[in-house]
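One file, protein20.txt, is given below (compact mmCIF, C-alpha atoms).
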# COMPACT_ATOMS: atom_id res chain seq x y z
CA MET A 8 4.26 -10.10 25.94
CA ILE A 9 3.58 -11.44 22.46
CA GLN A 10 1.12 -14.28 21.97
CA THR A 11 1.30 -16.36 18.83
CA GLY A 12 -0.89 -18.98 17.22
CA LEU A 13 -0.69 -21.31 14.26
CA ILE A 14 -3.27 -22.15 11.62
CA GLN A 15 -2.37 -25.55 10.24
CA SER A 16 -2.67 -26.06 6.47
CA ALA A 17 -4.47 -22.79 5.90
CA HIS A 18 -4.32 -23.21 2.10
CA LYS A 19 -3.15 -25.76 -0.43
CA ASP A 20 -0.60 -23.32 -1.85
CA LEU A 21 1.40 -20.27 -0.83
CA VAL A 22 -0.57 -17.75 1.23
CA THR A 23 -0.30 -14.34 -0.44
CA ASP A 24 -2.12 -12.11 2.06
CA ALA A 25 -3.86 -12.08 5.43
CA SER A 26 -6.09 -9.28 6.69
CA TYR A 27 -7.90 -8.73 10.00
CA ASP A 28 -11.33 -7.19 10.16
CA PHE A 29 -12.04 -4.01 12.14
CA TYR A 30 -12.49 -5.85 15.44
CA GLY A 31 -9.63 -8.31 15.03
CA LEU A 32 -11.94 -11.28 15.51
CA ARG A 33 -11.96 -12.46 11.92
CA LEU A 34 -9.10 -13.08 9.53
CA ALA A 35 -9.32 -13.25 5.74
CA THR A 36 -6.60 -15.13 3.87
CA CYS A 37 -5.94 -15.67 0.18
CA SER A 38 -3.54 -17.84 -1.73
CA LEU A 39 -2.11 -18.96 -5.02
CA ASP A 40 -4.80 -21.64 -4.93
CA GLN A 41 -7.30 -18.94 -6.05
CA ARG A 42 -9.33 -19.28 -2.86
CA ILE A 43 -10.35 -16.98 -0.03
CA LYS A 44 -10.89 -18.23 3.50
CA ILE A 45 -12.50 -16.46 6.44
CA TRP A 46 -11.30 -17.50 9.89
CA ARG A 47 -12.91 -16.69 13.24
CA LEU A 48 -11.13 -16.39 16.57
CA ASP A 49 -12.39 -18.32 19.56
CA GLU A 50 -11.66 -15.88 22.37
CA ASN A 51 -11.92 -18.60 24.99
CA ASN A 52 -9.01 -20.73 23.82
CA GLY A 53 -7.33 -18.48 21.23
CA THR A 54 -7.79 -20.87 18.30
CA TRP A 55 -8.88 -20.01 14.77
CA SER A 56 -11.52 -21.98 12.87
CA VAL A 57 -12.50 -21.60 9.24
CA GLU A 58 -15.86 -19.90 8.78
CA ASP A 59 -16.08 -19.85 5.00
CA ASP A 60 -14.02 -20.99 2.03
CA TRP A 61 -14.63 -20.40 -1.67
CA LYS A 62 -12.92 -20.12 -5.05
CA ALA A 63 -12.77 -16.40 -5.70
CA HIS A 64 -10.75 -15.88 -8.89
CA ASP A 65 -9.40 -17.64 -11.95
CA ALA A 66 -5.80 -16.92 -10.96
CA ALA A 67 -3.81 -16.30 -7.80
CA VAL A 68 -5.40 -13.87 -5.36
CA SER A 69 -2.92 -11.12 -4.48
CA LYS A 70 -4.53 -8.93 -1.77
CA LEU A 71 -7.56 -8.57 0.48
CA SER A 72 -9.13 -5.59 2.23
CA TRP A 73 -12.01 -5.24 4.68
CA ALA A 74 -14.41 -2.34 4.43
CA HIS A 75 -15.31 -0.42 7.57
CA PRO A 76 -18.12 -2.24 9.44
CA GLU A 77 -20.48 0.73 9.10
CA PHE A 78 -20.91 -0.35 5.46
CA GLY A 79 -21.56 -3.99 6.37
CA SER A 80 -19.51 -7.17 6.19
CA ILE A 81 -17.62 -6.50 2.96
CA ILE A 82 -14.23 -7.47 1.58
CA ALA A 83 -12.47 -6.71 -1.70
CA SER A 84 -10.00 -9.00 -3.44
CA SER A 85 -7.47 -8.41 -6.21
CA SER A 86 -6.03 -11.05 -8.46
CA PHE A 87 -3.57 -11.91 -11.17
CA ASP A 88 -6.58 -12.49 -13.44
CA ARG A 89 -6.68 -8.64 -13.75
CA THR A 90 -9.90 -8.28 -11.80
CA VAL A 91 -11.00 -6.82 -8.50
CA LYS A 92 -14.04 -8.33 -6.83
CA VAL A 93 -16.28 -7.05 -4.04
CA TRP A 94 -17.79 -9.63 -1.72
CA GLU A 95 -20.53 -9.29 0.91
CA GLN A 96 -21.52 -11.68 3.66
CA VAL A 97 -25.20 -12.55 3.34
CA LEU A 98 -27.71 -14.77 5.10
CA PRO A 99 -29.22 -17.82 3.36
CA GLY A 100 -32.08 -15.64 2.15
CA GLY A 101 -29.68 -13.22 0.51
CA GLN A 102 -30.02 -10.47 3.09
CA PRO A 103 -26.73 -8.72 3.97
CA ILE A 104 -25.31 -8.99 7.47
CA SER A 105 -24.95 -5.65 9.21
CA ASN A 106 -21.98 -5.00 11.47
CA VAL A 107 -23.00 -1.53 12.56
CA ASN A 108 -23.85 -2.62 16.08
CA GLY A 109 -20.43 -4.16 16.74
CA PRO A 110 -18.77 -7.56 16.53
CA GLY A 111 -21.78 -9.32 17.99
CA ALA A 112 -23.78 -8.72 14.83
CA SER A 113 -21.31 -10.65 12.68
CA ALA A 114 -20.85 -13.30 15.36
CA SER A 115 -24.55 -14.05 15.27
CA ALA A 116 -24.16 -15.09 11.65
CA GLN A 117 -21.53 -17.69 12.50
CA GLY A 118 -24.03 -20.47 12.96
CA SER A 119 -26.58 -19.30 10.42
CA ASN A 120 -24.94 -20.79 7.31
CA SER A 121 -24.04 -17.39 5.95
CA ARG A 122 -22.08 -17.15 2.73
CA TRP A 123 -20.12 -14.56 0.76
CA ALA A 124 -21.84 -13.26 -2.36
CA GLU A 125 -20.04 -11.65 -5.27
CA ARG A 126 -21.43 -8.13 -5.65
CA ALA A 127 -19.19 -6.50 -8.25
CA VAL A 128 -16.33 -7.30 -10.64
CA LEU A 129 -14.04 -4.45 -11.70
CA LEU A 130 -12.39 -5.11 -15.07
CA ASP A 131 -10.50 -1.90 -15.86
CA ALA A 132 -6.95 -3.09 -15.13
CA ARG A 133 -4.66 -3.87 -18.07
CA GLY A 134 -2.26 -5.81 -15.91
CA THR A 135 -2.25 -8.07 -12.88
CA VAL A 136 -3.85 -6.29 -9.93
CA ARG A 137 -1.36 -6.35 -7.04
CA ALA A 138 -3.01 -4.32 -4.28
CA VAL A 139 -6.45 -3.23 -3.14
CA GLU A 140 -7.50 -1.16 -0.13
CA PHE A 141 -10.70 0.48 1.04
CA ALA A 142 -10.49 4.17 1.87
CA PRO A 143 -10.94 5.39 5.47
CA HIS A 144 -14.66 5.34 6.22
CA HIS A 145 -14.97 9.12 6.53
CA PHE A 146 -14.32 9.40 2.78
CA GLY A 147 -17.21 7.09 1.94
CA LEU A 148 -17.20 3.63 0.41
CA LYS A 149 -14.23 4.02 -1.91
CA LEU A 150 -11.67 1.54 -3.15
CA ALA A 151 -8.11 2.02 -4.43
CA THR A 152 -6.30 -0.52 -6.61
CA ILE A 153 -2.93 -0.63 -8.33
CA ALA A 154 -1.92 -2.99 -11.12
CA SER A 155 1.22 -3.94 -12.99
CA ASP A 156 0.22 -1.50 -15.75
CA ASN A 157 1.35 1.16 -13.21
CA PHE A 158 -2.10 2.71 -12.95
CA LEU A 159 -3.68 3.65 -9.65
CA ARG A 160 -7.48 3.42 -9.89
CA ILE A 161 -10.02 4.86 -7.48
CA TYR A 162 -13.56 3.48 -7.39
CA GLU A 163 -16.59 4.85 -5.58
CA CYS A 164 -19.70 2.85 -4.81
CA LEU A 165 -22.78 4.61 -6.18
CA GLU A 166 -25.32 2.13 -4.82
CA GLN A 167 -24.25 1.21 -1.32
CA PRO A 168 -27.21 -1.00 -0.41
CA SER A 169 -26.65 -3.30 -3.39
CA LEU A 170 -22.89 -2.73 -3.93
CA THR A 171 -23.35 -3.48 -7.63
CA THR A 172 -22.45 -0.14 -9.20
CA TRP A 173 -18.89 1.18 -8.82
CA HIS A 174 -17.73 4.33 -10.58
CA LEU A 175 -14.11 4.64 -11.75
CA SER A 176 -13.52 8.16 -10.46
CA GLU A 177 -9.76 8.34 -11.03
CA GLU A 178 -7.26 6.50 -13.22
CA ILE A 179 -3.74 7.74 -12.48
CA ASP A 180 -0.53 6.88 -14.28
CA THR A 181 1.81 6.68 -11.30
CA GLN A 182 4.91 6.87 -13.50
CA ASN A 183 3.98 10.17 -15.14
CA ILE A 184 1.71 11.97 -12.68
CA PRO A 185 2.67 15.67 -12.40
CA SER A 186 4.11 17.07 -9.22
CA SER A 187 1.23 19.50 -8.84
CA ALA A 188 -1.49 21.26 -10.80
CA SER A 189 0.13 24.56 -9.85
CA PRO A 190 2.99 25.69 -12.16
CA SER A 191 4.69 27.42 -9.24
CA TYR A 192 4.87 24.09 -7.43
CA LEU A 193 6.64 22.42 -10.34
CA SER A 194 9.61 24.72 -9.98
CA ARG A 195 10.26 23.63 -6.41
CA ALA A 196 9.40 19.96 -6.72
CA HIS A 197 13.15 19.29 -6.85
CA THR A 198 13.94 21.02 -3.55
CA ILE A 199 12.12 18.59 -1.26
CA VAL A 200 14.16 17.22 1.60
CA ALA A 201 13.62 13.60 0.61
CA THR A 202 14.93 13.58 -2.97
CA PRO A 203 13.89 14.99 -6.35
CA THR A 204 10.55 13.87 -7.69
CA GLN A 205 11.13 11.40 -10.50
CA SER A 206 8.81 11.39 -13.49
CA ASN A 207 10.59 8.66 -15.41
CA ALA A 208 8.40 6.25 -17.32
CA THR A 209 9.11 2.54 -17.44
CA LEU A 210 7.38 -0.32 -19.18
CA ASP A 211 7.97 -3.03 -16.59
CA GLY A 212 6.34 -6.26 -17.60
CA ALA A 213 4.09 -4.54 -20.10
CA SER A 214 2.60 -6.56 -22.89
CA ALA A 215 2.85 -5.59 -26.54
CA SER A 216 -0.60 -4.05 -26.43
CA LEU A 217 0.35 -1.87 -23.46
CA VAL A 218 3.49 -0.77 -25.26
CA ALA A 219 1.44 0.22 -28.28
CA GLN A 220 -0.98 2.15 -26.10
CA ALA A 221 1.88 3.92 -24.37
CA LEU A 222 3.45 4.89 -27.68
CA GLN A 223 0.15 6.19 -28.96
CA GLN A 224 -0.36 8.17 -25.77
CA GLY A 225 3.15 9.54 -26.09
CA LEU A 226 2.42 10.84 -29.59
CA GLN A 227 -0.56 12.71 -28.20
CA GLN A 228 1.07 14.08 -25.06
CA GLY A 229 4.61 14.58 -26.27
CA PRO A 230 7.83 12.68 -25.61
CA ILE A 231 8.02 10.63 -22.43
CA PRO A 232 11.33 10.87 -20.60
CA MET A 233 13.15 7.55 -20.47
CA SER A 234 14.55 6.19 -17.26
CA THR A 235 18.09 7.23 -16.43
CA ARG A 236 18.56 4.80 -13.56
CA PRO A 237 20.83 1.84 -14.25
CA GLY A 238 19.93 -1.70 -13.40
CA LEU A 239 16.17 -1.36 -13.83
CA GLY A 240 14.67 -4.77 -14.46
CA ASN A 241 12.28 -5.41 -17.32
CA ARG A 242 10.35 -8.29 -15.80
CA GLU A 243 7.09 -8.04 -13.93
CA ALA A 244 8.52 -10.40 -11.32
CA ASP A 245 11.15 -7.80 -10.41
CA GLY A 246 8.61 -5.07 -9.68
CA GLY A 247 6.52 -4.10 -6.71
CA TRP A 248 3.09 -2.51 -6.61
CA CYS A 249 1.65 -1.28 -3.34
CA LEU A 250 -0.55 1.44 -1.84
CA SER A 251 -1.76 2.80 1.49
CA TRP A 252 -4.30 5.48 2.37
CA CYS A 253 -3.59 8.36 4.72
CA LYS A 254 -5.70 7.65 7.80
CA ASP A 255 -6.03 11.31 8.88
CA ARG A 256 -9.19 13.02 7.67
CA TYR A 257 -7.80 16.53 8.09
CA TRP A 258 -5.41 16.30 5.12
CA GLY A 259 -7.96 14.94 2.67
CA GLU A 260 -7.61 11.95 0.40
CA ILE A 261 -3.93 11.10 0.03
CA ILE A 262 -2.50 7.77 -1.09
CA ALA A 263 1.07 6.50 -0.84
CA ALA A 264 1.72 4.37 -3.93
CA GLY A 265 4.67 2.55 -5.44
CA SER A 266 4.92 0.86 -8.81
CA GLY A 267 7.46 -0.96 -10.92
CA VAL A 268 11.13 -1.15 -10.04
CA SER A 269 11.77 2.54 -9.42
CA GLY A 270 12.22 2.04 -5.68
CA ILE A 271 10.23 5.17 -4.83
CA ILE A 272 6.91 5.94 -3.18
CA LYS A 273 4.72 8.82 -4.31
CA LEU A 274 2.25 10.62 -2.08
CA ILE A 275 -0.67 11.33 -4.41
CA GLN A 276 -3.35 13.83 -3.44
CA LEU A 277 -6.90 13.43 -4.72
CA THR A 278 -8.79 16.70 -4.94
CA PRO A 279 -12.29 17.04 -6.43
CA SER A 280 -11.54 20.48 -7.88
CA ARG A 281 -8.44 19.46 -9.86
CA LYS A 282 -6.50 16.54 -11.22
CA PRO A 283 -4.50 14.28 -8.91
CA SER A 284 -0.97 15.45 -8.21
CA THR A 285 2.14 14.28 -6.37
CA LEU A 286 2.69 15.98 -3.03
CA LEU A 287 6.01 14.32 -2.32
CA THR A 288 8.26 11.54 -3.55
CA LEU A 289 10.00 9.28 -1.07
CA ASP A 290 13.27 8.20 -2.65
CA PRO A 291 15.91 6.57 -0.43
CA SER A 292 18.63 6.64 -3.06
CA PRO A 293 21.08 9.57 -3.14
CA THR A 294 20.73 12.28 -5.74
CA PRO A 295 22.50 11.17 -8.94
CA PRO A 296 25.60 13.16 -9.96
CA PRO A 297 25.23 15.82 -12.65
CA THR A 298 25.18 14.59 -16.22
CA SER A 299 27.51 15.69 -18.95
CA SER A 300 24.91 18.16 -20.21
CA ASP A 301 24.90 19.95 -16.84
CA ILE A 302 28.68 20.56 -16.58
CA PRO A 303 31.24 21.90 -19.05
CA PRO A 304 33.31 19.29 -20.88
CA ASN A 305 36.63 18.32 -19.31
CA PRO A 306 39.14 16.75 -21.71
CA ALA A 307 41.01 15.07 -18.86
CA ALA A 308 37.86 13.47 -17.53
CA MET A 309 36.86 12.29 -20.99
CA GLN A 310 39.96 10.11 -21.13
CA THR A 311 38.93 8.02 -18.13
CA ASP A 312 36.69 5.02 -18.49
CA THR A 313 35.30 5.08 -14.96
CA GLU A 314 31.95 6.73 -14.28
CA PRO A 315 30.22 7.46 -10.98
CA GLN A 316 28.15 4.48 -9.88
CA ILE A 317 24.59 5.03 -8.74
CA PRO A 318 23.09 2.45 -6.36
CA VAL A 319 20.70 0.14 -8.15
CA PRO A 320 17.13 0.73 -6.91
CA PHE A 321 15.03 -2.15 -5.68
CA ALA A 322 11.29 -2.40 -5.97
CA ILE A 323 9.16 -1.42 -2.98
CA THR A 324 6.83 -4.33 -2.24
CA SER A 325 4.86 -2.90 0.68
CA VAL A 326 3.96 0.50 2.12
CA ALA A 327 1.99 1.32 5.27
CA TRP A 328 0.74 4.73 6.40
CA ALA A 329 0.59 4.85 10.19
CA PRO A 330 -2.44 6.21 12.08
CA SER A 331 -1.55 9.73 13.19
CA CYS A 332 -3.01 9.58 16.74
CA GLY A 333 -2.51 13.31 17.28
CA ARG A 334 1.04 13.60 15.92
CA SER A 335 1.98 16.72 13.99
CA TYR A 336 3.74 14.55 11.40
CA HIS A 337 3.10 11.30 9.55
CA LEU A 338 4.98 8.01 9.68
CA ILE A 339 5.19 5.89 6.53
CA ALA A 340 6.91 2.52 6.47
CA THR A 341 8.20 0.74 3.37
CA GLY A 342 9.59 -2.71 2.69
CA GLY A 343 11.51 -3.64 -0.43
CA ARG A 344 13.22 -6.40 -2.33
CA ASP A 345 16.56 -5.13 -1.03
CA GLY A 346 15.61 -6.42 2.43
CA HIS A 347 15.36 -2.94 3.97
CA VAL A 348 12.57 -1.72 6.23
CA ARG A 349 12.49 2.07 6.21
CA ILE A 350 10.45 4.50 8.28
CA TRP A 351 9.82 7.96 6.87
CA LYS A 352 8.88 10.97 8.93
CA VAL A 353 6.69 13.17 6.73
CA ARG A 354 5.81 16.71 7.71
CA PRO A 355 2.86 18.34 5.94
CA GLY A 356 3.25 21.80 4.50
CA GLU A 357 1.93 24.67 6.58
CA TYR A 358 0.97 28.20 5.65
CA PRO A 359 2.89 30.87 7.58
CA ASP A 360 -0.35 32.61 8.58
CA ASP A 361 -4.08 32.43 8.01
CA ASP A 362 -4.07 35.28 5.48
CA ALA A 363 -1.72 33.40 3.17
CA GLN A 364 -4.09 30.46 3.03
CA ASP A 365 -6.87 32.70 1.72
CA ASP A 366 -4.60 34.30 -0.87
CA ALA A 367 -5.09 32.60 -4.24
CA GLU A 368 -1.63 33.68 -5.41
CA ALA A 369 0.16 32.45 -2.30
CA GLU A 370 2.70 29.70 -2.80
CA GLU A 371 1.41 26.33 -1.69
CA PRO A 372 3.25 24.88 1.30
CA LYS A 373 5.54 21.98 0.51
CA TRP A 374 5.70 18.62 2.26
CA THR A 375 9.05 17.32 3.46
CA ALA A 376 10.30 13.90 4.54
CA THR A 377 13.32 12.31 6.15
CA ILE A 378 14.27 8.71 6.89
CA VAL A 379 14.25 8.14 10.66
CA ALA A 380 14.96 4.39 10.57
CA ASP A 381 16.51 1.96 8.11
CA PHE A 382 16.77 -1.73 9.07
CA ASP A 383 18.18 -4.62 7.05
CA GLN A 384 17.91 -7.46 9.58
CA HIS A 385 15.72 -9.53 7.26
CA LYS A 386 18.65 -10.02 4.87
CA SER A 387 16.09 -10.92 2.22
CA ALA A 388 13.11 -9.43 0.44
CA VAL A 389 10.45 -7.85 2.67
CA GLY A 390 6.94 -8.86 1.70
CA ARG A 391 4.80 -6.86 4.12
CA VAL A 392 4.97 -3.99 6.59
CA GLU A 393 2.08 -3.10 8.90
CA TRP A 394 1.45 -0.73 11.83
CA ASN A 395 -0.48 -1.37 15.01
CA ILE A 396 -3.64 0.59 15.71
CA THR A 397 -1.79 3.51 17.36
CA GLY A 398 1.09 3.71 14.89
CA THR A 399 3.68 3.06 17.61
CA VAL A 400 4.81 -0.46 16.68
CA LEU A 401 5.75 -1.61 13.18
CA SER A 402 5.82 -5.23 12.08
CA SER A 403 7.54 -6.57 8.99
CA ALA A 404 7.56 -9.99 7.33
CA GLY A 405 10.42 -11.15 5.16
CA ASN A 406 11.59 -14.11 3.17
CA ASP A 407 13.82 -15.04 6.11
CA GLY A 408 10.76 -16.62 7.70
CA ARG A 409 10.52 -14.17 10.58
CA ILE A 410 8.14 -11.39 11.56
CA ARG A 411 10.11 -8.58 13.13
CA LEU A 412 8.81 -5.81 15.37
CA TRP A 413 10.16 -2.26 15.54
CA LYS A 414 9.41 0.34 18.18
CA ALA A 415 10.58 3.86 19.02
CA THR A 416 12.36 4.47 22.31
CA SER A 417 11.78 7.44 24.60
CA GLY A 418 14.15 9.50 22.47
CA ASN A 419 12.24 8.66 19.26
CA VAL A 420 15.01 6.32 18.18
CA TRP A 421 13.61 3.28 16.40
CA ARG A 422 15.01 -0.06 17.49
CA PRO A 423 14.16 -3.77 17.07
CA ALA A 424 11.52 -4.88 19.59
CA GLY A 425 11.49 -8.61 18.91
CA SER A 426 11.02 -11.24 16.22
CA ILE A 427 8.76 -14.21 15.70
CA GLY A 428 9.95 -17.38 14.00
CA VAL A 429 6.97 -18.31 11.88
CA GLU A 430 8.21 -21.77 10.96
CA GLN A 431 9.15 -22.57 14.56
CA VAL A 432 5.72 -22.04 16.14
CA GLU A 433 4.70 -25.65 15.65
CA ALA A 434 7.84 -26.95 17.33
CA VAL A 435 7.61 -24.76 20.44
CA PRO A 436 7.17 -26.95 23.56
CA PRO A 437 4.52 -26.02 26.13
CA GLY A 438 5.59 -23.25 28.45
CA LYS A 439 8.26 -22.00 26.06
CA SER A 440 8.20 -18.94 23.83
CA ASP A 441 8.99 -18.75 20.14
CA VAL A 442 9.40 -15.00 20.39
CA ASP A 443 12.85 -13.44 20.68
CA MET A 444 12.42 -10.20 22.63
CA ASP A 445 15.09 -7.55 22.28
CA ALA A 446 15.97 -5.33 25.19

For this file, produce the structure as C-alpha cells.
Amino acid sequence: MIQTGLIQSAHKDLVTDASYDFYGLRLATCSLDQRIKIWRLDENNGTWSVEDDWKAHDAAVSKLSWAHPEFGSIIASSSFDRTVKVWEQVLPGGQPISNVNGPGASASAQGSNSRWAERAVLLDARGTVRAVEFAPHHFGLKLATIASDNFLRIYECLEQPSLTTWHLSEEIDTQNIPSSASPSYLSRAHTIVATPTQSNATLDGASASLVAQALQQGLQQGPIPMSTRPGLGNREADGGWCLSWCKDRYWGEIIAAGSGVSGIIKLIQLTPSRKPSTLLTLDPSPTPPPTSSDIPPNPAAMQTDTEPQIPVPFAITSVAWAPSCGRSYHLIATGGRDGHVRIWKVRPGEYPDDDAQDDAEAEEPKWTATIVADFDQHKSAVGRVEWNITGTVLSSAGNDGRIRLWKATSGNVWRPAGSIGVEQVEAVPPGKSDVDMDA
C-alpha cells in the first residue's frame, strides 16, 4: 500500500529538489524562488507543516542534502549563483541542536523558535552548482559537489563543532580524469563489459573565461581530444550534472558522477595515496563503428554518401547508488533527458587469491557492469531517481507528472510496481486511491 500526501503551495515558483532527513520526519525543499523550507511531519494525522523558511541564495537553489544526524542538524545547498552553503539548526542563543540521541532531540526544538544559521559558503565553482551530497557518515563530514564547469569537488570539514572551515581536498575534471593511476590499467580500460571509457572533453555552456582557462591548461598538459559523438549540444540547458556516493564502506570512497551531455556516468575512486581515477564508465550507447583510420581504405565504400549513424546521447540528469544491504554487487540507477530509467548491475573487481592482493606487481581487478533494466514509460525527461532504504524499490520522477516505482521480481527481473499521479492528488475523493498499482 502506498500512502500519499500533498503540500499545498510549497513555494512561489518551481520546486527544484526535496530531501528527507535521516529519520524521514522532516523534509527540506528548495525552489527557483531562492528559498529553502523545512517541513515537519505530524505522525498523528500525516500532514506536513512548515517549520522554517528563509532566503538562502541569490539565484535558484538546485539541490539539498542532509548530513548524518551524528554531526548535528545540518543541511547543504547548491545554487545557480555558483555557491554551496552549509546551514545548521541552532537555538535562539546560537547553540547548535544535536540529533545524536534520535529524532526526539530535533523534535524538541520545534517549539523553541530555532532557526537555520549559515555556517560556510564555498565559492570554488566556476559554473552553476547543480548537485551536492554529504558523504556516508563513516567517511567523516565530507561534501561532494558538481558544477556546470564539469568539476567534481570534495570538501572536508576541518572544524566540526563550528562548521566554518572546509578544506577543498579534491578538484576533479570529470571530462578528462584518467582511467587509473596504474599504467597497466589503462591498457584494459577499453575491455570493460559496459562500454569503453570515454575521455572526450566538451565545453558545454562554458563561458569565455572557462574556455580560455581550458586552452591554457591544454597547452600545459598537451592536446585534449575533441568529442567524436554527433549531436552533442553546446548549451548548458541541454546538460546534466549529478552525483551519488557509494554507500558501502568496504569499497572506500567512490562517487558516481555525470556531467555535460555525454550521456555517461563515471565511477570515480578517491584514494588518499594517489590521485582520483575512474574505476568504470557506464555508457548505455553501443560501441561506435571503427573510424577510417582503423580500417584500410575501400574505394567502393568511398563512393557512397551514407555513413553509419550513432545514436545521439542524452544528458543524464540523476544518478542514485543503491544501499548494498549485503549484496555481492552494486545497483546504480540513472535517469536522463531521453526519458529512460536504467538500472546497472555493477560487480566490483576481485583478486583471484589473497597472495595476489599483496603482490605489488599484480594486475588490479577490473569492475564490470551490465544494464539489467531499461524503462521508457515516462516518455519525457526524467528529473530524479531515488532508492528506498534497502535498495529494493526504485522511484523515478519525470516531466510526465508521475512518480513511477520499479521493483525486482523473484527472478531478479525488474518490472513497474506502480505510479503516482502528482497533479491528481488534490482531486482524489475520500476513500479513493490516486496510485495505480501494477500486478

Give the padded box for stretch 174-182 of chain A as AutoDock Vina command-line options: axis-aligned, covering all atoms listed in the file, 6 Å on each side, centre and edge lengths in Å to one decimal.
--center_x -6.4 --center_y 6.3 --center_z -12.4 --size_x 34.6 --size_y 16.0 --size_z 15.8

Show which residues sit within 12 Å of A:Asp24, as an MDAnalysis selection string. Count only C-alpha atoms, and ignore same-chain residues fewer than 4 positions away.
chainID A and resid 17:18 20 34:39 41:44 67:72 84:86 137:139 325 390:392 404

Can I get the selection written as an mmCIF file, in the coordinates of the input, with C-alpha atoms?
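The resulting file, out-v4.cif, is reproduced below:
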data_model
loop_
_atom_site.group_PDB
_atom_site.id
_atom_site.type_symbol
_atom_site.label_atom_id
_atom_site.label_comp_id
_atom_site.auth_asym_id
_atom_site.auth_seq_id
_atom_site.Cartn_x
_atom_site.Cartn_y
_atom_site.Cartn_z
ATOM 1 C CA ALA A 17 -4.470 -22.790 5.900
ATOM 2 C CA HIS A 18 -4.320 -23.210 2.100
ATOM 3 C CA ASP A 20 -0.600 -23.320 -1.850
ATOM 4 C CA LEU A 34 -9.100 -13.080 9.530
ATOM 5 C CA ALA A 35 -9.320 -13.250 5.740
ATOM 6 C CA THR A 36 -6.600 -15.130 3.870
ATOM 7 C CA CYS A 37 -5.940 -15.670 0.180
ATOM 8 C CA SER A 38 -3.540 -17.840 -1.730
ATOM 9 C CA LEU A 39 -2.110 -18.960 -5.020
ATOM 10 C CA GLN A 41 -7.300 -18.940 -6.050
ATOM 11 C CA ARG A 42 -9.330 -19.280 -2.860
ATOM 12 C CA ILE A 43 -10.350 -16.980 -0.030
ATOM 13 C CA LYS A 44 -10.890 -18.230 3.500
ATOM 14 C CA ALA A 67 -3.810 -16.300 -7.800
ATOM 15 C CA VAL A 68 -5.400 -13.870 -5.360
ATOM 16 C CA SER A 69 -2.920 -11.120 -4.480
ATOM 17 C CA LYS A 70 -4.530 -8.930 -1.770
ATOM 18 C CA LEU A 71 -7.560 -8.570 0.480
ATOM 19 C CA SER A 72 -9.130 -5.590 2.230
ATOM 20 C CA SER A 84 -10.000 -9.000 -3.440
ATOM 21 C CA SER A 85 -7.470 -8.410 -6.210
ATOM 22 C CA SER A 86 -6.030 -11.050 -8.460
ATOM 23 C CA ARG A 137 -1.360 -6.350 -7.040
ATOM 24 C CA ALA A 138 -3.010 -4.320 -4.280
ATOM 25 C CA VAL A 139 -6.450 -3.230 -3.140
ATOM 26 C CA SER A 325 4.860 -2.900 0.680
ATOM 27 C CA GLY A 390 6.940 -8.860 1.700
ATOM 28 C CA ARG A 391 4.800 -6.860 4.120
ATOM 29 C CA VAL A 392 4.970 -3.990 6.590
ATOM 30 C CA ALA A 404 7.560 -9.990 7.330
#

Using only C-alpha atoms, which protein or nucleic acid residues come within 9 Å of stretch 145-162 of chain A? Drop anything in the same chain fewer than 5 positions from it, and give the result as a PyMOL selection string.
chain A and resi 74-75+78+83+85+89+91+131-140+167+173-182+209-213+217+243+246-252+256+259-260+262+264-267

Determine the nearest neighbour of A:Leu277 from the options A:Arg409, A:Trp55, A:Ala142, A:Arg242, counting only C-alpha atoms.
A:Ala142

Identify, on the basis of only C-alpha atoms, every residue whose closest approach to stretch 331-335 of chain A does not exceed 12 Å; exclude the query and any residue fewer than 4 positions from it along the same chain; express the result as an NGL selection string.
:A and (252-258 or 339 or 352-357 or 394-399)

Identify which of the residues A:Arg349, A:Thr172, A:Thr288, A:Gly270 lies closest to A:Val319, counting all atoms listed in the file when measuring atom-to-atom distances.
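Of A:Arg349, A:Thr172, A:Thr288, A:Gly270, the one nearest A:Val319 is A:Gly270, counting all atoms listed in the file.
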
Which value, in Å to one decimal, gives the distance between atom CA of A:Thr54 and atom CA of A:Leu21?
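Atom-to-atom, atom CA of A:Thr54 to atom CA of A:Leu21, that is 21.2 Å.
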
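Nearest to A:Leu412 of all the residues A:Leu13, A:Val348, A:Val379, A:Glu95 is A:Val348, based on all atoms listed in the file.
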
For a cut-off of 6 Å around (14.8, -10.5, 0.7), file coordinates, pick out all residues using all atoms listed in the file and list them as a PDB file with C-alpha atoms, in the coordinates of the input.
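Printed below is out-v9.pdb as written:
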ATOM      1  CA  ARG A 344      13.220  -6.400  -2.330  1.00  0.00           C
ATOM      2  CA  ASP A 345      16.560  -5.130  -1.030  1.00  0.00           C
ATOM      3  CA  GLY A 346      15.610  -6.420   2.430  1.00  0.00           C
ATOM      4  CA  LYS A 386      18.650 -10.020   4.870  1.00  0.00           C
ATOM      5  CA  SER A 387      16.090 -10.920   2.220  1.00  0.00           C
ATOM      6  CA  ALA A 388      13.110  -9.430   0.440  1.00  0.00           C
ATOM      7  CA  VAL A 389      10.450  -7.850   2.670  1.00  0.00           C
ATOM      8  CA  ASN A 406      11.590 -14.110   3.170  1.00  0.00           C
TER       9      ASN A 406
END

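Note that the spacing between atom CA of A:Leu289 and atom CA of A:Lys414 amounts to 21.2 Å.
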
Could you tell me how far atom CA of A:Glu163 sits from atom CA of A:Asn183, in Å to one decimal place?
23.3 Å

Between A:Asp60, A:Glu393, A:Asp245, A:Asp49, which is the closest to A:Ala322 once you count only C-alpha atoms?
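Of A:Asp60, A:Glu393, A:Asp245, A:Asp49, the one nearest A:Ala322, counting only C-alpha atoms, is A:Asp245.
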